[in-house]
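A.B. asks: Questions regarding the structure given below will be posed in turn.
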Amino acid sequence: MTRTDFREAVCIETQKICDSCSDKECLEDLQVFFTADGQSVIDNAVHVKIKSCEVLDVPLFVRPHLTREDFYNVEAVFYFGVTLATYSNLCALPSDITGLAFCSKIVTLCGGEGEVKTFSSAGPLCELPTATLKCAAPISLAARVEQCCPAFVEQLHELPENIKCRFGAEIVPTAAGNKTVFATVGIFTITSLERGAQMMIPTYDYLIPNRGCSSLIPEEEPCEIFSRMEFPEHEFVSC
């Protein structure tokens, strides 16, 4: 059976993708925060290497665009678990430690008209379109440790409960006199806005958006390495 052959067309209730974009971003110098015990390890470190980076969660917030009708701002807050090898001196064996880094981004997508209200057994559904974000495993690029300079580091905001639970103890802000770690990672993402719809559809190949989200990529060496990597389309294809 070829791709264009199908036995019947059926009506389904599904999420229609109104708009989407793909992104390849180098997130440079993300400050990494630690528990109190972890911070004491960092304060004694003279060198760090980034071993791995994991996306812990990405809360999404959808808000109508202020000036463009049918468009919406999608804010994504990325929480990363960053695992480092820390060295108390250049001859010592490294100790592994995991900290928290976070950043946010906003993209603008068309979400279609939202005049129809939907009701179900679960209750009324919001008229705002639903945002989804798919993220491939981050690429760990670089890390460095240096004396904290409060004027140039990110402040620790209120963390979601599910993020707090991942570390077994409270994540603490970096105080003056402490050392801090900055990590650089690369991420590949697809962001979409969807609305419920009834459709008669055949099946087609998986779609990778060819329009990039607006972003600036710093021209630093780790990011230059990342910029030469191809978008991993196979990681976004569902089985």
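Chain identifiers are assigned as A, B, and so on, following the order in which chains appear in the structure tokens; residues are numbered from 1 within each chain, and ligands are numbered from 1 in order of appearance.
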List every residue of range 68-213 of chain A that DSSP, applied to the backbone, labels as strand (DSSP E or B), and write the result as a ChimeraX atom specification.

C.D. replies: /A:71-87,95-110,118-120,123-125,130-135,139-147,171-172,179-200,212

A.B. asks: Name the residues of range 1-238 of chain A that come out as alpha helix (DSSP H) in a backbone DSSP run; write them as a list in words.

C.D. replies: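 Of range 1-238 of chain A, only Ala36, Asp37, Gly38, Gln39, Ser40, Val41, Ile42, Asp43, Glu161, Asn162, Ile163, Lys164, Glu221, Pro222, Cys223, Glu224, Ile225, Phe226 and Ser227 of chain A fall in alpha helix (DSSP H).
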
A.B. asks: Find the residue from A:Thr174, A:Ile97, A:Lys24, A:Cys103 that sits nearest to Asn210 in chain A; use only C-alpha atoms when measuring.

C.D. replies: A:Lys24

A.B. asks: Which neighbours of range 82-94 of chain A fall inside 6 Å, counting only C-alpha atoms, when residues of the same chain fewer than 4 positions from it are skipped, and could you give them as a short mmCIF file (atom, residue, chain, number, x, y, z; two decimals) with C-alpha atoms, in the first residue's frame?

C.D. replies:
data_model
loop_
_atom_site.label_atom_id
_atom_site.label_comp_id
_atom_site.auth_asym_id
_atom_site.auth_seq_id
_atom_site.Cartn_x
_atom_site.Cartn_y
_atom_site.Cartn_z
CA ASN A 44 36.38 24.92 46.85
CA ALA A 45 36.61 24.24 43.11
CA VAL A 46 39.34 25.64 40.92
CA HIS A 47 38.02 24.11 37.69
CA VAL A 48 34.78 22.56 36.41
CA LYS A 49 33.77 20.58 33.34
CA ILE A 50 30.22 20.11 32.14
CA LYS A 51 29.30 16.43 31.89
CA SER A 52 25.64 16.47 30.96
CA CYS A 53 22.52 18.58 30.88
CA THR A 98 24.30 18.62 39.83
CA GLY A 99 22.88 22.12 39.91
#

A.B. asks: Need the shell around Phe167 in chain A: protein/DNA/RNA residues with any atom at most 12 Å away, counting only C-alpha atoms. Skip same-chain ones fewer than 5 positions apart. Format as a PyMOL selection string?

C.D. replies: chain A and resi 33-38+56+80-83+97-100+159+161-162+172

A.B. asks: Counting only C-alpha atoms, figure out which residue out of A:Asp96, A:Asp19, A:Glu235, A:Glu13 gets nearest to Asn73 in chain A.

C.D. replies: A:Asp19
